[in-house]
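**Student:** Just passing along the structure, written as structure tokens.
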Amino acid sequence: MNFDLTEEQQMLQETVGQLLANECPVTRLREVFDSDTGFDEALWKSMAELGILGLNVPEDFGGAGLETLDLAVVAETMGYHAAPGPFLGHALAIEAIVRGGSDAQKQKWLPALASGERVGAVSIADAEGGWASNQWKIESGESISGEQAFATGGHQADLYVVGLAGSRLGVVEAEASGVSRERVDGADLTRRLVALQFNQTPCELLADDPEVARRLHDVGCVLLAADAFGGSARLLEMSVEYAKTREQFGVKIGHFQALKHQLSSMALDVEPGRGLYWYAAYAQDHVKDESERIAAVAKAHITDRYMDVARNAVEAHGGIGFTWECDVQIWFKRAMFDRAFLGHPGEHRRRQAEMAGW
Amino acid sequence: MNFDLTEEQQMLQETVGQLLANECPVTRLREVFDSDTGFDEALWKSMAELGILGLNVPEDFGGAGLETLDLAVVAETMGYHAAPGPFLGHALAIEAIVRGGSDAQKQKWLPALASGERVGAVSIADAEGGWASNQWKIESGESISGEQAFATGGHQADLYVVGLAGSRLGVVEAEASGVSRERVDGADLTRRLVALQFNQTPCELLADDPEVARRLHDVGCVLLAADAFGGSARLLEMSVEYAKTREQFGVKIGHFQALKHQLSSMALDVEPGRGLYWYAAYAQDHVKDESERIAAVAKAHITDRYMDVARNAVEAHGGIGFTWECDVQIWFKRAMFDRAFLGHPGEHRRRQAEMAGW
Amino acid sequence: MDLNYGTEMEDFRQEVAQFLDENWPLKGEEKDWPFEKAAAVFRERAIERGYLYRSIPKQYGGSEQPPDVLKGQVIREEFGKRWAPLEARGIGTMMLVPTLLERGTEWQKEKFVRPTITGEITWCQGYSEPGSGSDLASLKTRGELIDGEWMINGQKIWTSGAHLADYMFCLVRTEPDAQKHAGISYLLIDMKQPGIDVRPLRMMTGSADFNEVFLNDVRTPEDWIVGKRGEGWLVSRTTLKYERNSIGAAQQTGASFAGLVKLAKETKIAGRPAIEDETIRERLAVLEGYVKAHQYSGYRQLTKDSKREDAGIINMMMKLFSTEIGHQTAKLSMDLIGDEGLLSAGGAELGQRSSSAQGWIGQYMYSLGIAIAGGTANIQRNVIAERGLGLPRDAAADRSSGK
Amino acid sequence: MDLNYGTEMEDFRQEVAQFLDENWPLKGEEKDWPFEKAAAVFRERAIERGYLYRSIPKQYGGSEQPPDVLKGQVIREEFGKRWAPLEARGIGTMMLVPTLLERGTEWQKEKFVRPTITGEITWCQGYSEPGSGSDLASLKTRGELIDGEWMINGQKIWTSGAHLADYMFCLVRTEPDAQKHAGISYLLIDMKQPGIDVRPLRMMTGSADFNEVFLNDVRTPEDWIVGKRGEGWLVSRTTLKYERNSIGAAQQTGASFAGLVKLAKETKIAGRPAIEDETIRERLAVLEGYVKAHQYSGYRQLTKDSKREDAGIINMMMKLFSTEIGHQTAKLSMDLIGDEGLLSAGGAELGQRSSSAQGWIGQYMYSLGIAIAGGTANIQRNVIAERGLGLPRDAAADRSSGK
């Protein structure tokens, strides 16, 4: 037994971290955050060059053919840097096409997705509420009509993996007829959302296999958990750093035992999540029996901790932590996203209890 | 509007406090705690002389004719001193007879209860679980048979107000035929419990009015809340005192900010409960619409806080707080009693939600 | 204890009701006056009758009534029913006026109190600075007395309403050689003068509820000082007490809780109304325990205040207690709005409530902001421990106060 | 990452299974031996095969195997299936032996290690004193070297197993003139001698899991010291690390959680099995999140340990994390047992679990006790903040360490 990242995974994380530190330091991040699109084309291209955008695309179709754990360690790093852009939905769209696409479909989409030439996205939030595949209501077919609430990718997405009635997935090109998208006034400006409307829109159905939808959902939960872990680790670092530099009453505030203990509690909220998200990611490819349930546990637990850490980070920064100018707010809103996207913790805990047979 | 105790109530509290401080200081309390009966006859007589045992008995029957709030401020003081003995059940038995007894019944029992000559008690815990009057299962009649779980008064009780099917109450003399009582291995050794068995035992029924049972239950909740408030205030004082005297690392531990903040949190758990129990007590006699619900709120909230405070008091005392020799354990176990007797907080919160029409 | 309104109070209620029937809204030609003007006139009349500014002497524009918490309550209820203007709730009325009444000179009271309470002039507060949040003693804005005028230079932060205010009351270091606390004075400044630069400070919600104020050779007359030179720290503490009470008002938590229950009735969890979910019911019930405890603690506080007795440690904890209730309320609301937790905070200005998801998101964020305004939670915990429970003072704080 | 057992491991498992089939329970005339004797013999055989005490050199009675977390796991699983004796889990094995191996002299290792790990001799720990709980540096028990013997006087507390132990390893102040930490030595003492008075210390649960030990002119040879004079503080810290890891074991929280789920299935709330109550399900699910995080953190820690790499800050938090999980588990159990929360803690000795209500009450109380044993939660929070996060050291702690 070896419960640790491989050297390759550690190197992958370092490389991605280096890229983000170089090309998207906080000064740049803020520009993208405040921009109209929330998209940094140069950064996207750099990611593509590094091969990150096709990590989970099989080698035959131009990708790296890696596993969920590899994807997750990248998601952790993205979360740490609050990397802006459509990475999450892109990776999930790929996951669905890899698992549910015919050879022809794979050939059609995967190479362009792997190279980052086209941006993938997912649209699996029913307009009336519900992320679970049994809550999807748009009738499946070669032409679809209906509304969905929170599709990823902002206005950058080129194609959508869409959730359809009967736990079915289909692929819709953004340019197709009858597609209209409207900006969602989301909190997290690093990952923009749109509401979609389809009106007799052409749709290519993926395999009629509910496992594909399940996999999409579970990998999504894992990536959100990984992002949340990385983000909360960053907020902890920022708070510790602030405590070491800010003075009150003539001393660095990090001298105050009450603040020390608050920061210890934050650390206790952060660090134990690492092994949990690792295992949840690993289970997707290696522990079939547990994969669905542990994804729910990780998503509920780690995104909840992220939100707690974010609240405490605001407090640890004093009044300034509450301003737009303070970087904490960027991660705070990512925490809101990670917690709400794909359903909030209460929903996943209900599933967790059911799957345990409680 | 005047939301405060009257001078008479304040004096009552002081007098009772003085009595307990004089006649049952902690040295004496520990003797009673470790004794076989948990009963201090001299203390009981002193309480009787002070008129505390008949506070809620009408003047016509030898009591003081006071209200629930008066009873509650005494219960607070009892809780503060962890006064040992059957006061709680005694007061509740009186309450039931006052509300549900015929003139003849009142004449028969109240004067002897008011004078403390006889000890009253309540037996309203069904053997299969359930404190609510609709859960009582023993068939009512002039002769009753069955089992009940947690009757008050230990082996001192002379008569029991017993909960019977149909939300009915009856009075059973402890000496009556077919009564057997067995010691319960309770945590709180200041308030002993017994399990009762009735075998064709003579029983005098009180009025066929479910309001009597409701009143008994609600006043019970209020008195437990008051006891919990007093007890938690005492634990806070003990913890603060310890922090002021105990040294570690060459300084009084009360200098450590982390401990200060823990003690502040305890204070925040204690002090706001005062107004809540006052109002809950006041409502029993003056705000009929709210009386049942606010009794549930106060019982759930304040006994929960007491338990939290008790846990924190143990921690604030370090290792020694966990020993039998440390006084904290006496109040810790009273907190367990106040929280569990008449049903634990979850049950009262369910009622609270129902009564609100949520 | 007596929570009933006696017959005397019912008579008083009739009297107030009749006054309102006759006076609000305004009648005749005054009927179409703009609200501000109408409110000012109405307030004057209400003051004449002894209904508003009851604790302020008549000579400064108040109605100087004996304290009577019950009458105050009846007035609030009756005015509330008819949406009649109550006392202006600005920071001037709540913080400056009590300070002036206790510490101001005669001319200061005469000049400032009346127009402040009528809402004719408005104030902002200049305490915090970027380098000194909870630690006011370390502030750096300097005032020098030159030719009978104070010349002030520095920067203030968290100044709400600065872009609208006519005046600022602020703390300025005037005695550079004195010990930290002893070097501060409490000055009043006219905001409408060159050298004052107000820049909005954007919050994480996106709205700008506060400002930064840059003071560059700003002037104010020598006698626009409250208290003596170097006493500003003490003078400001009178005011802080008022701020605590006003922010901690139990009413707000009650209203917020009611909103939460409403939200739980309107939203769904797993297809059923959230209010039917046992988990939500339990959480609401737990929260209500705190809300009720807060409410009755508020009753106690008011009663003690009206008897001019000290309510004790509860005074030090009301704000922290309501902050914590606010946290819990906000947290529960986020679980109730579910997917809409993805949205931004929309249109939630401080103190304004909205039943929409975005309003709750704003509240969620503000529940953090409020913990910070007027002394952080940790400072309040220190106060409870040291002043309330009598624990030894903090070493660091001792140092800064020169002990 | 690889959580599979490869074929090599399956072969190893077969080997272990076969050994056990042949050796446990004992066969032939050894079959009826009393457990203690049987266990001692069995352990010797298991050591010979390299299955127990794998990290202890052969010369001191261990089996001196290369570290292999996976093999360790297989051994524990197979031994567990057949209830075969594993390593003796006393404080001697867990705390003294690692210390001796790292710091002891040759003769000390030879004399003490083997009989300790076979369970032939047992130890108790003499660190805490009534006046110094978390603050070991302030301890007062004194040792003087007189005629080639240490003469020891003082009092120890929280000494579990003192009434049964053969020896005590303890901290004693031997250099009265040195700075606080520098004056302490680590001595071994024979408990079977006059001058030692062991008095049971009764816990709030009613049972006496600990003792007070009074030392009155107690003697021990000059060379029964581990490390040099005045180095006792450092020597003891080696040991404390082991204590943290052993108490914090993720297995215990997992087992405890499983017990809680069982309890929720067996008890009723409002007439239905508690496990069907949404509130209980949610609370269990929340708790399970922590339990799983704890479990996989344990995996990480073990993997890092086996690679002799540093797992980092997680090492400092495992104990506190499991303490907090224990609190939550205990709290939930009290809500599950309902009315039976009126009962006393029955028969719950430390580490022993019971599914009865009284067992859970004992656990509830012990969840407080465990927070205290081996360093309070606050000390651990300091360690996380200062050593883990690099925050500045505590002023008071600095003072006591003479900085």
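By order in the structure tokens, chains are A, B, ...; within a chain, residues start at 1; ligands start at 1, following the order shown.
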For chain A, report every residue with an atom at most 9 Å from chain B (counting only C-alpha atoms), formatted as a PyMOL selection string.

**Tutor:** chain A and resi 256-261

**Student:** I need the contact residues of chain C against chain B, so if you could list those with any atom within 6 Å, counting only C-alpha atoms, and return them as a list in words, that would help.

**Tutor:**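 Here is what falls inside 6 Å: Met1, Asp2, Leu3, Leu70, Ala285, Gly289, Ala293, Tyr296, Ser297, Arg300, Thr303, Arg381, Ile384, Ala385, Leu391 and Pro392 of chain C.
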
**Student:** The selected residues should be written to file as a JSON list (two decimals), in the first residue's frame (atoms: N, CA and C atoms).

**Tutor:**
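Saved as selection-v4.json:
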[["chain", "number", "residue", "atom", "x", "y", "z"],
["C", 1, "MET", "N", -42.24, 41.47, 38.10],
["C", 1, "MET", "CA", -42.32, 41.42, 36.64],
["C", 1, "MET", "C", -43.74, 41.74, 36.20],
["C", 2, "ASP", "N", -43.84, 42.62, 35.27],
["C", 2, "ASP", "CA", -45.17, 42.97, 34.78],
["C", 2, "ASP", "C", -45.05, 43.36, 33.32],
["C", 3, "LEU", "N", -45.56, 42.50, 32.45],
["C", 3, "LEU", "CA", -45.44, 42.80, 31.02],
["C", 3, "LEU", "C", -46.74, 43.33, 30.44],
["C", 70, "LEU", "N", -41.92, 51.99, 28.86],
["C", 70, "LEU", "CA", -43.22, 51.54, 28.36],
["C", 70, "LEU", "C", -43.82, 52.55, 27.40],
["C", 285, "ALA", "N", -35.25, 25.60, 15.29],
["C", 285, "ALA", "CA", -35.61, 25.59, 16.71],
["C", 285, "ALA", "C", -34.41, 25.95, 17.58],
["C", 289, "GLY", "N", -34.02, 29.38, 20.02],
["C", 289, "GLY", "CA", -33.63, 29.44, 21.44],
["C", 289, "GLY", "C", -32.72, 30.63, 21.70],
["C", 293, "ALA", "N", -33.62, 34.09, 23.77],
["C", 293, "ALA", "CA", -32.74, 34.49, 24.88],
["C", 293, "ALA", "C", -32.26, 35.93, 24.64],
["C", 296, "TYR", "N", -35.29, 38.42, 25.35],
["C", 296, "TYR", "CA", -35.60, 38.69, 26.75],
["C", 296, "TYR", "C", -34.43, 39.34, 27.47],
["C", 297, "SER", "N", -33.23, 39.10, 26.98],
["C", 297, "SER", "CA", -32.09, 39.83, 27.54],
["C", 297, "SER", "C", -32.23, 41.31, 27.19],
["C", 300, "ARG", "N", -34.63, 42.81, 29.61],
["C", 300, "ARG", "CA", -33.97, 43.04, 30.89],
["C", 300, "ARG", "C", -33.13, 44.30, 30.85],
["C", 303, "THR", "N", -35.24, 47.38, 30.85],
["C", 303, "THR", "CA", -35.81, 47.63, 32.17],
["C", 303, "THR", "C", -34.76, 48.21, 33.10],
["C", 381, "ARG", "N", -14.63, 39.71, 23.19],
["C", 381, "ARG", "CA", -14.40, 38.57, 24.09],
["C", 381, "ARG", "C", -13.41, 38.96, 25.19],
["C", 384, "ILE", "N", -15.40, 40.98, 27.75],
["C", 384, "ILE", "CA", -16.23, 40.12, 28.60],
["C", 384, "ILE", "C", -15.36, 39.44, 29.65],
["C", 385, "ALA", "N", -14.21, 38.94, 29.21],
["C", 385, "ALA", "CA", -13.35, 38.19, 30.14],
["C", 385, "ALA", "C", -12.75, 39.12, 31.19],
["C", 391, "LEU", "N", -11.07, 38.67, 34.84],
["C", 391, "LEU", "CA", -9.80, 37.97, 34.59],
["C", 391, "LEU", "C", -8.69, 39.01, 34.38],
["C", 392, "PRO", "N", -7.44, 38.59, 34.57],
["C", 392, "PRO", "CA", -6.35, 39.57, 34.45],
["C", 392, "PRO", "C", -6.29, 40.18, 33.05]]

**Student:** Taking only C-alpha atoms into account, name the residue in D:Thr7, D:Glu278, D:Arg43, D:Arg13 that is nearest to chain C.

**Tutor:**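 For chain C, the nearest of the candidates is D:Glu278.
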
**Student:** Show me, as a PDB file with N, CA, C and O atoms, in the first residue's frame, every residue of chain D with an atom at most 8 Å from chain C, counting only C-alpha atoms.

**Tutor:**
ATOM      1  N   ASP D 277     -34.329   9.116  11.336  1.00  0.00           N
ATOM      2  CA  ASP D 277     -34.575  10.530  11.597  1.00  0.00           C
ATOM      3  C   ASP D 277     -33.604  11.375  10.765  1.00  0.00           C
ATOM      4  O   ASP D 277     -32.393  11.183  10.827  1.00  0.00           O
ATOM      5  N   GLU D 278     -34.144  12.307  10.000  1.00  0.00           N
ATOM      6  CA  GLU D 278     -33.287  13.099   9.093  1.00  0.00           C
ATOM      7  C   GLU D 278     -32.199  13.854   9.845  1.00  0.00           C
ATOM      8  O   GLU D 278     -31.076  13.999   9.360  1.00  0.00           O
ATOM      9  N   THR D 279     -32.561  14.345  11.013  1.00  0.00           N
ATOM     10  CA  THR D 279     -31.588  15.099  11.791  1.00  0.00           C
ATOM     11  C   THR D 279     -30.406  14.219  12.182  1.00  0.00           C
ATOM     12  O   THR D 279     -29.243  14.630  12.090  1.00  0.00           O
ATOM     13  N   GLU D 282     -28.294  13.322   9.076  1.00  0.00           N
ATOM     14  CA  GLU D 282     -27.425  14.440   8.699  1.00  0.00           C
ATOM     15  C   GLU D 282     -26.236  14.545   9.651  1.00  0.00           C
ATOM     16  O   GLU D 282     -25.092  14.719   9.224  1.00  0.00           O
TER      17      GLU D 282
END

**Student:** At a cut-off of 9 Å, using only C-alpha atoms, what residues contact Ala313 (chain B)? Leave out same-chain residues fewer than 2 positions from it and give the result as a list in words.

**Tutor:**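 The contact residues come out as Leu235, Leu236, Met238, Ser239, Leu263, Met266, Asp308, Val309, Ala310, Arg311, Glu315, Ala316, His317, Gly318, Gly321, Val328 and Phe332 of chain B.
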
**Student:** Could you state the separation of CA of Gly51 (chain B) and CA of Leu19 (chain B) in Å, given to one decimal place?

**Tutor:**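 Computing it gives 12.0 Å between the two atoms.
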
**Student:** When you draw a straight line from CA of Pro25 (chain D) to CA of Val74 (chain D), how long is it in Å?

**Tutor:**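 Result for CA of Pro25 (chain D) versus CA of Val74 (chain D): 19.0 Å, one decimal.
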
**Student:** Could you pull out the alpha helix (DSSP H) residues of region 27-253 of chain B from DSSP and send them as a ChimeraX atom specification?

**Tutor:** /B:27-34,41-50,68-81,87-100,103-114,210-245

**Student:** Those same residues - C-alpha atoms - I'd like them written as a compact mmCIF listing (two decimals), in the first residue's frame.

**Tutor:**
# COMPACT_ATOMS: atom_id res chain seq x y z
CA THR B 27 -18.29 19.92 52.09
CA ARG B 28 -21.74 18.92 53.27
CA LEU B 29 -23.04 18.55 49.72
CA ARG B 30 -20.32 15.97 49.00
CA GLU B 31 -21.36 13.93 52.03
CA VAL B 32 -24.95 13.86 50.84
CA PHE B 33 -23.82 13.16 47.29
CA ASP B 34 -21.85 10.13 48.40
CA GLU B 41 -33.21 15.65 56.54
CA ALA B 42 -31.99 18.70 58.44
CA LEU B 43 -31.77 20.69 55.24
CA TRP B 44 -35.26 19.60 54.24
CA LYS B 45 -36.59 20.78 57.60
CA SER B 46 -34.86 24.11 57.25
CA MET B 47 -36.38 24.56 53.83
CA ALA B 48 -39.74 23.74 55.29
CA GLU B 49 -39.28 26.31 58.04
CA LEU B 50 -38.43 28.91 55.45
CA THR B 68 -44.26 29.82 38.87
CA LEU B 69 -41.73 32.63 38.58
CA ASP B 70 -41.25 32.56 42.36
CA LEU B 71 -40.78 28.83 42.22
CA ALA B 72 -38.35 29.23 39.35
CA VAL B 73 -36.12 31.77 41.06
CA VAL B 74 -35.85 29.31 43.94
CA ALA B 75 -35.04 26.54 41.47
CA GLU B 76 -32.29 28.72 40.02
CA THR B 77 -30.76 29.06 43.47
CA MET B 78 -31.10 25.33 44.08
CA GLY B 79 -29.33 24.74 40.82
CA TYR B 80 -26.60 27.18 41.73
CA HIS B 81 -25.93 25.31 44.97
CA PHE B 87 -37.47 19.59 45.82
CA LEU B 88 -38.21 19.37 42.09
CA GLY B 89 -40.68 16.50 42.23
CA HIS B 90 -42.18 17.84 45.43
CA ALA B 91 -43.00 21.18 43.81
CA LEU B 92 -44.40 19.48 40.73
CA ALA B 93 -46.57 17.12 42.75
CA ILE B 94 -47.99 20.12 44.56
CA GLU B 95 -48.60 21.89 41.26
CA ALA B 96 -50.65 18.94 40.02
CA ILE B 97 -52.73 18.64 43.17
CA VAL B 98 -53.35 22.39 43.29
CA ARG B 99 -54.58 22.36 39.69
CA GLY B 100 -56.33 19.03 39.58
CA ASP B 103 -61.17 20.46 47.75
CA ALA B 104 -61.08 17.29 49.78
CA GLN B 105 -57.94 16.09 48.03
CA LYS B 106 -56.26 19.43 48.53
CA GLN B 107 -57.16 19.42 52.17
CA LYS B 108 -55.86 15.90 52.50
CA TRP B 109 -52.43 16.45 50.96
CA LEU B 110 -51.46 20.07 50.53
CA PRO B 111 -50.96 21.13 54.16
CA ALA B 112 -48.68 18.18 54.86
CA LEU B 113 -46.75 18.86 51.64
CA ALA B 114 -46.51 22.59 52.34
CA PRO B 210 -55.61 17.24 30.31
CA GLU B 211 -54.64 20.80 31.19
CA VAL B 212 -53.47 19.56 34.58
CA ALA B 213 -50.97 17.17 33.02
CA ARG B 214 -49.88 19.85 30.58
CA ARG B 215 -49.30 22.31 33.40
CA LEU B 216 -47.30 19.77 35.38
CA HIS B 217 -45.12 19.12 32.35
CA ASP B 218 -44.61 22.78 31.44
CA VAL B 219 -43.83 23.92 34.96
CA GLY B 220 -41.42 21.00 35.15
CA CYS B 221 -39.66 22.24 32.02
CA VAL B 222 -39.44 25.73 33.47
CA LEU B 223 -37.99 24.53 36.76
CA LEU B 224 -35.40 22.41 34.98
CA ALA B 225 -34.46 25.40 32.84
CA ALA B 226 -34.13 27.56 35.95
CA ASP B 227 -32.04 24.92 37.68
CA ALA B 228 -29.87 24.67 34.58
CA PHE B 229 -29.39 28.41 34.48
CA GLY B 230 -28.31 28.51 38.12
CA GLY B 231 -26.04 25.53 37.73
CA SER B 232 -24.33 26.83 34.64
CA ALA B 233 -23.78 30.20 36.32
CA ARG B 234 -22.06 28.36 39.18
CA LEU B 235 -19.84 26.34 36.85
CA LEU B 236 -18.81 29.54 35.11
CA GLU B 237 -17.90 31.08 38.47
CA MET B 238 -15.93 28.02 39.48
CA SER B 239 -14.04 28.04 36.19
CA VAL B 240 -13.26 31.74 36.42
CA GLU B 241 -12.10 31.30 39.99
CA TYR B 242 -9.85 28.42 38.97
CA ALA B 243 -8.37 30.49 36.16
CA LYS B 244 -7.56 33.24 38.63
CA THR B 245 -5.71 30.98 41.04

**Student:** Write out as a list in words each polymer residue whose atoms come within 12 Å of Asp166 (chain D), counting only C-alpha atoms; drop sequence neighbours fewer than 3 positions from it.

**Tutor:**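 With the cut-off at 12 Å, the set is Gly92, Phe112, Pro115, Thr116, Gly119, Glu120, Ile121, Thr122, Trp123, Cys124, Gln125, Gly161, Ala162, His163, Phe169, Leu188, Ile189, Asp190, Met191, Lys192, Gln193 and Ile196 of chain D.
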
**Student:** Take the residues just selected and output them with C-alpha atoms as a short mmCIF file (atom, residue, chain, number, x, y, z; two decimals), in the first residue's frame.

**Tutor:**
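Output file result-v5.cif is given in full below:
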data_model
loop_
_atom_site.label_atom_id
_atom_site.label_comp_id
_atom_site.auth_asym_id
_atom_site.auth_seq_id
_atom_site.Cartn_x
_atom_site.Cartn_y
_atom_site.Cartn_z
CA GLY D 92 6.15 0.47 28.40
CA PHE D 112 14.59 -3.64 29.90
CA PRO D 115 10.96 -8.24 29.16
CA THR D 116 8.89 -5.14 28.44
CA GLY D 119 4.88 -8.33 28.83
CA GLU D 120 7.03 -9.88 31.54
CA ILE D 121 7.47 -6.51 33.22
CA THR D 122 5.11 -3.54 33.12
CA TRP D 123 5.68 0.16 33.47
CA CYS D 124 3.95 3.29 34.58
CA GLN D 125 4.73 6.86 33.63
CA GLY D 161 -1.43 1.34 36.15
CA ALA D 162 0.83 2.43 39.02
CA HIS D 163 -0.67 -0.15 41.37
CA PHE D 169 9.93 5.95 34.08
CA LEU D 188 13.81 4.61 36.00
CA ILE D 189 12.49 3.45 39.35
CA ASP D 190 11.62 0.08 40.81
CA MET D 191 8.05 0.35 42.06
CA LYS D 192 8.37 -2.57 44.46
CA GLN D 193 10.14 -0.80 47.27
CA ILE D 196 6.22 4.32 47.30
#

**Student:** Once DSSP has gone over the backbone, tell me which residues of region 135-318 of chain A are in strand (DSSP E), as a VMD selection string.

**Tutor:** chain A and resid 143 to 151 159 to 164 168 to 173 179 to 183 194 to 202 204 to 205 247 to 248 251 to 252

**Student:** May I have the residues within 12 Å of Gly271 (chain D) as a PDB file with N, CA and C atoms, in the first residue's frame, using only C-alpha atoms and disregarding those fewer than 5 positions away in the same chain?

**Tutor:**
ATOM      1  N   GLU B 128     -41.612   2.229  28.995  1.00  0.00           N
ATOM      2  CA  GLU B 128     -41.126   1.979  27.633  1.00  0.00           C
ATOM      3  C   GLU B 128     -40.636   3.255  26.959  1.00  0.00           C
ATOM      4  N   GLY B 129     -40.565   4.326  27.696  1.00  0.00           N
ATOM      5  CA  GLY B 129     -40.058   5.582  27.145  1.00  0.00           C
ATOM      6  C   GLY B 129     -41.181   6.550  26.869  1.00  0.00           C
ATOM      7  N   GLY B 130     -40.949   7.805  27.172  1.00  0.00           N
ATOM      8  CA  GLY B 130     -41.958   8.813  26.875  1.00  0.00           C
ATOM      9  C   GLY B 130     -42.409   9.559  28.115  1.00  0.00           C
ATOM     10  N   GLN B 135     -48.172   9.577  26.085  1.00  0.00           N
ATOM     11  CA  GLN B 135     -47.391   8.341  26.033  1.00  0.00           C
ATOM     12  C   GLN B 135     -47.573   7.496  27.299  1.00  0.00           C
ATOM     13  N   GLU B 347     -36.460  16.402  21.526  1.00  0.00           N
ATOM     14  CA  GLU B 347     -37.910  16.211  21.618  1.00  0.00           C
ATOM     15  C   GLU B 347     -38.644  17.524  21.816  1.00  0.00           C
TER      16      GLU B 347
ATOM     17  N   GLU D 266     -30.391   0.915  16.702  1.00  0.00           N
ATOM     18  CA  GLU D 266     -31.044   0.168  17.783  1.00  0.00           C
ATOM     19  C   GLU D 266     -31.978   1.012  18.628  1.00  0.00           C
ATOM     20  N   GLU D 276     -33.541   6.569  11.092  1.00  0.00           N
ATOM     21  CA  GLU D 276     -34.436   7.091  10.044  1.00  0.00           C
ATOM     22  C   GLU D 276     -34.740   8.573  10.210  1.00  0.00           C
ATOM     23  N   ASP D 277     -34.329   9.116  11.336  1.00  0.00           N
ATOM     24  CA  ASP D 277     -34.575  10.530  11.597  1.00  0.00           C
ATOM     25  C   ASP D 277     -33.604  11.375  10.765  1.00  0.00           C
TER      26      ASP D 277
END
